[in-house]
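To keep things clear, I will list the structure first and then write my remarks on it.
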Amino acid sequence: MSATEWFQARLRSGEKSKVPVAPEGAAKSAPKNAPKPSARSTAERLLVTLRKADEALSPRALRRVLADLQAVIDPRVSEVEGGRRAHAIAEAYRAATTEERRDYWALMSEHFAADAQKLKTARDQHQSAVGTPDEGQAELRLRRALVSPRMRLLQRFAVEPEGMRFLVDLRADLLPHLKADKRLLSLDAELEQLFSTWFDVAFLELRRIDWDSPASLIEKLIRYEAVHDIKSWSDVKNRLDDSDRRCYGFFHPRLPNEPLIFVEVALVDRISDGITPLLDEAAVPVLPAKATTAIFYSISNTQNGLRGVSFGDSLIKRVVETLQDELPRLKTFATLSPIPGFRTWLAKNAAELLPRLDEKREAEIGRLVGSLPPTAERLLAAVDAATSLDARSPLRQWLLQAAAEYLGRALVDGTPADPVARFHLGNGARVERLNWAGDPSPKGHKQSYGLMVNYLYDLKRLDKHRTWLADGKVAVSGDIESLYFKKG
């Protein structure tokens, strides 16, 4: 059933048009009051008869689960039988509590590592063979030694049709607990390694999502939208409209009705400076044949369990190619993006930015905030009312300068401090323009005082910009560079 048919059926039945919301608890981190992991390792717990208060499964139950896990990779059973056994474990896992699931993770982490002695021997042999005719054979032995029983175990879970879904959900369960229990890092690393292969873009299908897509798919789109909340069915219809709106997602054959990531696109005649017109349901649509610019205004990852697996770069490239084939007049490809980390960063760095003001601007701002020289506390309080600042206000200019510094110069370990900037700049885009009051919503004000930014995808310079970023230099336009503080 398409969304149109589903929506009409609801109207005929008299049911109100409610937008589905994310299930309670979805995409949340570990609760602050979550029980701490057991102080004892599973190896210690397997040798005793009684469990302690901080342990979920009894030693007897722990031994039974370990035996079941080991049976999955028993060399005497076929891959199909191993998959069947893994499926039974998956069913038990789904019925377990969070504390009991932690014991499953601990067993997989602590008892299925690569054989340390075999690995050391293979590594030593490889080092000795480098540069000799035996190097290739030594490398082969080393590669085999690196394949852990844990890797084979996880691969067996993927044999069953629902196995991929299970593993992605398992990692989503696991991720919030890594900080509290470093013993689980090996399991997480191996899952991420497998997903990087299984979810390589070569195996993904790009599909357009429109109003005629199945209603269940559109409901997921609403649930997963992470940038600009969808408020009604008319809102989602506007974003999927056939005329000047597009939505594309990547899909995996083992998760056929689940978008892994999706992007929403507006076809317009210039680079957009605010989100309100793009989401305005009453706005006059631009004829696609006359559109010159494609604005990517929302990109959402949907699977927490695939964190660290990157396909956003390829998604944008594929969408650009698809749009160019359909609409040859499109020449400009840019985003209208939030700046989610700006306000937090500014609260920590405002005091360091103040000495970089020239004397004239320092005096102007000091008079406005009632402090000479101006203090970070008073300045931040003054710019909190950003929407009331007129275009010529020194406070407004200072806030724009601070945002330019944040996007163009604030690096953490050589990468942009802002997560959205990190994504687009890592794809080869450049920081093109800051937009005052681009997002006037409470969320926009809370994140960045309402500021939004355009990242420009200049298709001929993507590789060049990525090279710059690798060297610690952010690609910015002349407009952004002109906003940098002159001192310092």
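Each chain of the structure tokens is named A, B, ... in the order shown, its residues numbered from 1; ligands are numbered from 1 in display order.
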
Per-residue nearest contacts of segment 58-176 of chain A to segment 287-305 of chain A (7 Å; only C-alpha atoms) as a tab-separated table:
```
residue	atom	partner	partner_atom	distance
A:Val168	CA	A:Gly305	CA	4.7
A:Asp169	CA	A:Gly305	CA	5.9
A:Arg171	CA	A:Gly305	CA	4.8
A:Ala172	CA	A:Gly305	CA	4.0
```

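For segment 68-300 of chain A, a DSSP pass over the backbone yields strand (DSSP E) at Glu205, Leu206, Arg207, Arg208, Arg245, Arg246, Cys247, Tyr248, Gly249, Phe250, Phe251, Ile261, Phe262, Val263, Glu264, Val265, Ala266, Leu267, Val268, Thr293, Ala294, Ile295, Phe296, Tyr297, Ser298, Ile299 and Ser300 of chain A.
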
File dump, residues just selected, N, CA, C and O atoms, as an mmCIF file, in the first residue's frame:
```
data_model
loop_
_atom_site.group_PDB
_atom_site.id
_atom_site.type_symbol
_atom_site.label_atom_id
_atom_site.label_comp_id
_atom_site.auth_asym_id
_atom_site.auth_seq_id
_atom_site.Cartn_x
_atom_site.Cartn_y
_atom_site.Cartn_z
ATOM 1 N N GLU A 205 21.939 -0.167 -2.711
ATOM 2 C CA GLU A 205 21.091 0.304 -3.813
ATOM 3 C C GLU A 205 20.575 1.699 -3.484
ATOM 4 O O GLU A 205 20.050 1.939 -2.391
ATOM 5 N N LEU A 206 20.741 2.618 -4.431
ATOM 6 C CA LEU A 206 20.170 3.955 -4.276
ATOM 7 C C LEU A 206 18.732 3.930 -4.768
ATOM 8 O O LEU A 206 18.467 3.536 -5.904
ATOM 9 N N ARG A 207 17.812 4.340 -3.907
ATOM 10 C CA ARG A 207 16.403 4.369 -4.293
ATOM 11 C C ARG A 207 15.798 5.716 -3.943
ATOM 12 O O ARG A 207 16.113 6.305 -2.913
ATOM 13 N N ARG A 208 14.923 6.166 -4.814
ATOM 14 C CA ARG A 208 14.180 7.376 -4.499
ATOM 15 C C ARG A 208 12.986 7.012 -3.638
ATOM 16 O O ARG A 208 12.297 6.019 -3.882
ATOM 17 N N ARG A 245 10.976 18.663 -5.116
ATOM 18 C CA ARG A 245 11.564 18.009 -3.942
ATOM 19 C C ARG A 245 11.952 16.572 -4.302
ATOM 20 O O ARG A 245 11.276 15.904 -5.088
ATOM 21 N N ARG A 246 13.028 16.106 -3.704
ATOM 22 C CA ARG A 246 13.487 14.741 -3.916
ATOM 23 C C ARG A 246 13.969 14.175 -2.582
ATOM 24 O O ARG A 246 14.422 14.918 -1.697
ATOM 25 N N CYS A 247 13.898 12.878 -2.448
ATOM 26 C CA CYS A 247 14.456 12.187 -1.290
ATOM 27 C C CYS A 247 15.033 10.871 -1.781
ATOM 28 O O CYS A 247 14.370 10.119 -2.506
ATOM 29 N N TYR A 248 16.283 10.604 -1.404
ATOM 30 C CA TYR A 248 16.957 9.378 -1.837
ATOM 31 C C TYR A 248 17.567 8.684 -0.628
ATOM 32 O O TYR A 248 18.025 9.338 0.326
ATOM 33 N N GLY A 249 17.587 7.365 -0.683
ATOM 34 C CA GLY A 249 18.182 6.600 0.396
ATOM 35 C C GLY A 249 18.994 5.440 -0.117
ATOM 36 O O GLY A 249 18.777 4.946 -1.230
ATOM 37 N N PHE A 250 19.941 4.987 0.704
ATOM 38 C CA PHE A 250 20.702 3.777 0.427
ATOM 39 C C PHE A 250 20.027 2.605 1.137
ATOM 40 O O PHE A 250 19.671 2.709 2.321
ATOM 41 N N PHE A 251 19.897 1.486 0.423
ATOM 42 C CA PHE A 251 19.277 0.280 0.978
ATOM 43 C C PHE A 251 20.227 -0.907 0.779
ATOM 44 O O PHE A 251 20.956 -0.972 -0.207
ATOM 45 N N ILE A 261 20.602 5.391 5.224
ATOM 46 C CA ILE A 261 20.839 6.831 5.277
ATOM 47 C C ILE A 261 19.984 7.440 4.177
ATOM 48 O O ILE A 261 19.753 6.810 3.147
ATOM 49 N N PHE A 262 19.462 8.632 4.407
ATOM 50 C CA PHE A 262 18.681 9.274 3.351
ATOM 51 C C PHE A 262 18.961 10.771 3.344
ATOM 52 O O PHE A 262 19.368 11.360 4.363
ATOM 53 N N VAL A 263 18.781 11.369 2.185
ATOM 54 C CA VAL A 263 19.013 12.792 2.017
ATOM 55 C C VAL A 263 17.779 13.425 1.392
ATOM 56 O O VAL A 263 17.165 12.852 0.485
ATOM 57 N N GLU A 264 17.409 14.589 1.888
ATOM 58 C CA GLU A 264 16.288 15.350 1.347
ATOM 59 C C GLU A 264 16.845 16.515 0.528
ATOM 60 O O GLU A 264 17.765 17.213 0.976
ATOM 61 N N VAL A 265 16.280 16.727 -0.659
ATOM 62 C CA VAL A 265 16.829 17.689 -1.615
ATOM 63 C C VAL A 265 15.730 18.647 -2.062
ATOM 64 O O VAL A 265 14.600 18.223 -2.336
ATOM 65 N N ALA A 266 16.089 19.927 -2.134
ATOM 66 C CA ALA A 266 15.190 20.943 -2.694
ATOM 67 C C ALA A 266 15.797 21.450 -3.999
ATOM 68 O O ALA A 266 16.988 21.762 -4.058
ATOM 69 N N LEU A 267 14.984 21.532 -5.044
ATOM 70 C CA LEU A 267 15.417 22.066 -6.329
ATOM 71 C C LEU A 267 14.998 23.526 -6.392
ATOM 72 O O LEU A 267 13.802 23.848 -6.354
ATOM 73 N N VAL A 268 15.973 24.429 -6.471
ATOM 74 C CA VAL A 268 15.710 25.866 -6.375
ATOM 75 C C VAL A 268 16.519 26.607 -7.445
ATOM 76 O O VAL A 268 17.212 25.990 -8.252
ATOM 77 N N THR A 293 19.884 24.835 -9.000
ATOM 78 C CA THR A 293 20.601 24.507 -7.765
ATOM 79 C C THR A 293 19.884 23.397 -7.013
ATOM 80 O O THR A 293 18.652 23.418 -6.890
ATOM 81 N N ALA A 294 20.651 22.448 -6.517
ATOM 82 C CA ALA A 294 20.115 21.402 -5.643
ATOM 83 C C ALA A 294 20.648 21.631 -4.234
ATOM 84 O O ALA A 294 21.863 21.706 -4.030
ATOM 85 N N ILE A 295 19.724 21.791 -3.286
ATOM 86 C CA ILE A 295 20.109 22.030 -1.893
ATOM 87 C C ILE A 295 19.850 20.762 -1.079
ATOM 88 O O ILE A 295 18.711 20.295 -0.973
ATOM 89 N N PHE A 296 20.898 20.212 -0.500
ATOM 90 C CA PHE A 296 20.768 19.083 0.426
ATOM 91 C C PHE A 296 20.517 19.679 1.812
ATOM 92 O O PHE A 296 21.422 20.229 2.427
ATOM 93 N N TYR A 297 19.274 19.597 2.274
ATOM 94 C CA TYR A 297 18.953 20.291 3.517
ATOM 95 C C TYR A 297 18.749 19.362 4.707
ATOM 96 O O TYR A 297 18.556 19.833 5.825
ATOM 97 N N SER A 298 18.804 18.067 4.477
ATOM 98 C CA SER A 298 18.692 17.146 5.612
ATOM 99 C C SER A 298 19.298 15.809 5.220
ATOM 100 O O SER A 298 18.916 15.221 4.206
ATOM 101 N N ILE A 299 20.263 15.346 5.998
ATOM 102 C CA ILE A 299 20.867 14.034 5.805
ATOM 103 C C ILE A 299 20.796 13.307 7.137
ATOM 104 O O ILE A 299 21.267 13.812 8.154
ATOM 105 N N SER A 300 20.188 12.121 7.137
ATOM 106 C CA SER A 300 19.980 11.383 8.378
ATOM 107 C C SER A 300 20.463 9.953 8.259
ATOM 108 O O SER A 300 20.065 9.221 7.343
#
```

Exercise. List every residue of segment 212-438 of chain A that DSSP, applied to the backbone of this structure, assigns to alpha helix (DSSP H), and report them as number ranges by chain.
Key: A: 215-224, 233-239, 275-279, 312-326, 342-353, 359-369, 376-383, 394-409, 419-426

Can I get the selected residues back with C-alpha atoms, as a PDB file, in the first residue's frame?
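As a result, again-v3.pdb now contains:
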```
ATOM      1  CA  ALA A 215       3.512   3.764   3.883  1.00  0.00           C
ATOM      2  CA  SER A 216       5.716   1.677   6.180  1.00  0.00           C
ATOM      3  CA  LEU A 217       8.801   3.162   4.518  1.00  0.00           C
ATOM      4  CA  ILE A 218       7.525   6.718   4.859  1.00  0.00           C
ATOM      5  CA  GLU A 219       6.770   6.113   8.520  1.00  0.00           C
ATOM      6  CA  LYS A 220      10.419   5.112   8.971  1.00  0.00           C
ATOM      7  CA  LEU A 221      11.478   8.270   7.168  1.00  0.00           C
ATOM      8  CA  ILE A 222       9.482  10.310   9.667  1.00  0.00           C
ATOM      9  CA  ARG A 223      10.876   8.355  12.600  1.00  0.00           C
ATOM     10  CA  TYR A 224      14.504   8.666  11.543  1.00  0.00           C
ATOM     11  CA  TRP A 233       1.590  14.117   6.921  1.00  0.00           C
ATOM     12  CA  SER A 234       1.245  17.258   4.811  1.00  0.00           C
ATOM     13  CA  ASP A 235       4.785  18.176   5.857  1.00  0.00           C
ATOM     14  CA  VAL A 236       6.202  14.850   4.707  1.00  0.00           C
ATOM     15  CA  LYS A 237       4.159  15.015   1.496  1.00  0.00           C
ATOM     16  CA  ASN A 238       5.664  18.429   0.787  1.00  0.00           C
ATOM     17  CA  ARG A 239       9.185  17.010   1.205  1.00  0.00           C
ATOM     18  CA  ILE A 275      15.227  26.535   6.154  1.00  0.00           C
ATOM     19  CA  THR A 276      11.775  28.107   6.591  1.00  0.00           C
ATOM     20  CA  PRO A 277      11.096  28.687   2.863  1.00  0.00           C
ATOM     21  CA  LEU A 278      12.258  25.169   2.046  1.00  0.00           C
ATOM     22  CA  LEU A 279       9.766  23.644   4.491  1.00  0.00           C
ATOM     23  CA  GLY A 312      27.327   9.569   3.233  1.00  0.00           C
ATOM     24  CA  ASP A 313      30.033  10.637   0.784  1.00  0.00           C
ATOM     25  CA  SER A 314      28.922   8.060  -1.761  1.00  0.00           C
ATOM     26  CA  LEU A 315      25.255   8.876  -1.204  1.00  0.00           C
ATOM     27  CA  ILE A 316      25.757  12.531  -2.134  1.00  0.00           C
ATOM     28  CA  LYS A 317      27.857  11.634  -5.175  1.00  0.00           C
ATOM     29  CA  ARG A 318      25.273   9.143  -6.409  1.00  0.00           C
ATOM     30  CA  VAL A 319      22.435  11.609  -5.867  1.00  0.00           C
ATOM     31  CA  VAL A 320      24.336  14.324  -7.742  1.00  0.00           C
ATOM     32  CA  GLU A 321      24.873  11.943 -10.670  1.00  0.00           C
ATOM     33  CA  THR A 322      21.201  10.940 -10.652  1.00  0.00           C
ATOM     34  CA  LEU A 323      20.001  14.545 -10.569  1.00  0.00           C
ATOM     35  CA  GLN A 324      22.385  15.600 -13.338  1.00  0.00           C
ATOM     36  CA  ASP A 325      21.098  12.830 -15.567  1.00  0.00           C
ATOM     37  CA  GLU A 326      17.507  13.882 -14.928  1.00  0.00           C
ATOM     38  CA  PHE A 342      28.730  26.084  17.745  1.00  0.00           C
ATOM     39  CA  ARG A 343      26.969  27.336  20.881  1.00  0.00           C
ATOM     40  CA  THR A 344      28.739  24.844  23.137  1.00  0.00           C
ATOM     41  CA  TRP A 345      32.110  25.652  21.561  1.00  0.00           C
ATOM     42  CA  LEU A 346      31.562  29.402  21.894  1.00  0.00           C
ATOM     43  CA  ALA A 347      30.691  29.102  25.579  1.00  0.00           C
ATOM     44  CA  LYS A 348      34.114  27.526  26.139  1.00  0.00           C
ATOM     45  CA  ASN A 349      36.128  29.759  23.809  1.00  0.00           C
ATOM     46  CA  ALA A 350      34.548  33.221  23.927  1.00  0.00           C
ATOM     47  CA  ALA A 351      37.143  34.496  26.401  1.00  0.00           C
ATOM     48  CA  GLU A 352      39.963  33.467  24.041  1.00  0.00           C
ATOM     49  CA  LEU A 353      38.327  35.262  21.110  1.00  0.00           C
ATOM     50  CA  GLU A 359      40.422  48.499  19.810  1.00  0.00           C
ATOM     51  CA  LYS A 360      37.514  50.144  17.980  1.00  0.00           C
ATOM     52  CA  ARG A 361      35.373  46.993  17.913  1.00  0.00           C
ATOM     53  CA  GLU A 362      36.288  46.173  21.530  1.00  0.00           C
ATOM     54  CA  ALA A 363      35.064  49.603  22.637  1.00  0.00           C
ATOM     55  CA  GLU A 364      31.814  49.301  20.630  1.00  0.00           C
ATOM     56  CA  ILE A 365      30.999  45.908  22.060  1.00  0.00           C
ATOM     57  CA  GLY A 366      32.029  46.990  25.552  1.00  0.00           C
ATOM     58  CA  ARG A 367      29.510  49.864  25.496  1.00  0.00           C
ATOM     59  CA  LEU A 368      26.758  47.535  24.276  1.00  0.00           C
ATOM     60  CA  VAL A 369      27.304  44.908  26.977  1.00  0.00           C
ATOM     61  CA  ALA A 376      32.858  36.695  27.908  1.00  0.00           C
ATOM     62  CA  GLU A 377      29.962  36.292  30.345  1.00  0.00           C
ATOM     63  CA  ARG A 378      28.307  39.587  29.386  1.00  0.00           C
ATOM     64  CA  LEU A 379      28.984  39.103  25.688  1.00  0.00           C
ATOM     65  CA  LEU A 380      27.393  35.662  25.637  1.00  0.00           C
ATOM     66  CA  ALA A 381      24.373  36.995  27.519  1.00  0.00           C
ATOM     67  CA  ALA A 382      24.001  39.806  24.961  1.00  0.00           C
ATOM     68  CA  VAL A 383      24.195  37.584  21.866  1.00  0.00           C
ATOM     69  CA  PRO A 394      28.691  44.858  16.267  1.00  0.00           C
ATOM     70  CA  LEU A 395      27.351  41.958  18.339  1.00  0.00           C
ATOM     71  CA  ARG A 396      25.883  40.352  15.248  1.00  0.00           C
ATOM     72  CA  GLN A 397      29.158  40.835  13.393  1.00  0.00           C
ATOM     73  CA  TRP A 398      31.111  39.313  16.283  1.00  0.00           C
ATOM     74  CA  LEU A 399      28.854  36.267  16.357  1.00  0.00           C
ATOM     75  CA  LEU A 400      29.319  35.739  12.611  1.00  0.00           C
ATOM     76  CA  GLN A 401      33.083  36.091  13.018  1.00  0.00           C
ATOM     77  CA  ALA A 402      33.084  33.559  15.844  1.00  0.00           C
ATOM     78  CA  ALA A 403      31.094  31.124  13.704  1.00  0.00           C
ATOM     79  CA  ALA A 404      33.556  31.529  10.836  1.00  0.00           C
ATOM     80  CA  GLU A 405      36.434  30.803  13.221  1.00  0.00           C
ATOM     81  CA  TYR A 406      34.616  27.731  14.499  1.00  0.00           C
ATOM     82  CA  LEU A 407      33.916  26.299  11.063  1.00  0.00           C
ATOM     83  CA  GLY A 408      37.174  27.254   9.378  1.00  0.00           C
ATOM     84  CA  ARG A 409      39.794  27.056  12.114  1.00  0.00           C
ATOM     85  CA  PRO A 419      30.260  17.079  13.450  1.00  0.00           C
ATOM     86  CA  VAL A 420      28.295  18.286  10.422  1.00  0.00           C
ATOM     87  CA  ALA A 421      31.301  20.234   9.154  1.00  0.00           C
ATOM     88  CA  ARG A 422      33.432  17.132   9.655  1.00  0.00           C
ATOM     89  CA  PHE A 423      31.062  15.162   7.433  1.00  0.00           C
ATOM     90  CA  HIS A 424      30.780  17.622   4.543  1.00  0.00           C
ATOM     91  CA  LEU A 425      34.366  18.874   4.601  1.00  0.00           C
ATOM     92  CA  GLY A 426      35.547  15.282   4.750  1.00  0.00           C
TER      93      GLY A 426
END
```

Exercise. With a distance cut-off of 12 Å and only C-alpha atoms, select the neighbouring residues of segment 60-71 of chain A, excluding the residue or stretch itself and same-chain residues fewer than 4 positions from it, and output the selection as a VMD selection string.
Key: chain A and resid 41 to 51 55 to 56 75 to 79 81 to 90 92 to 93 96 100 to 112 149 to 150 152 to 154 156 to 157
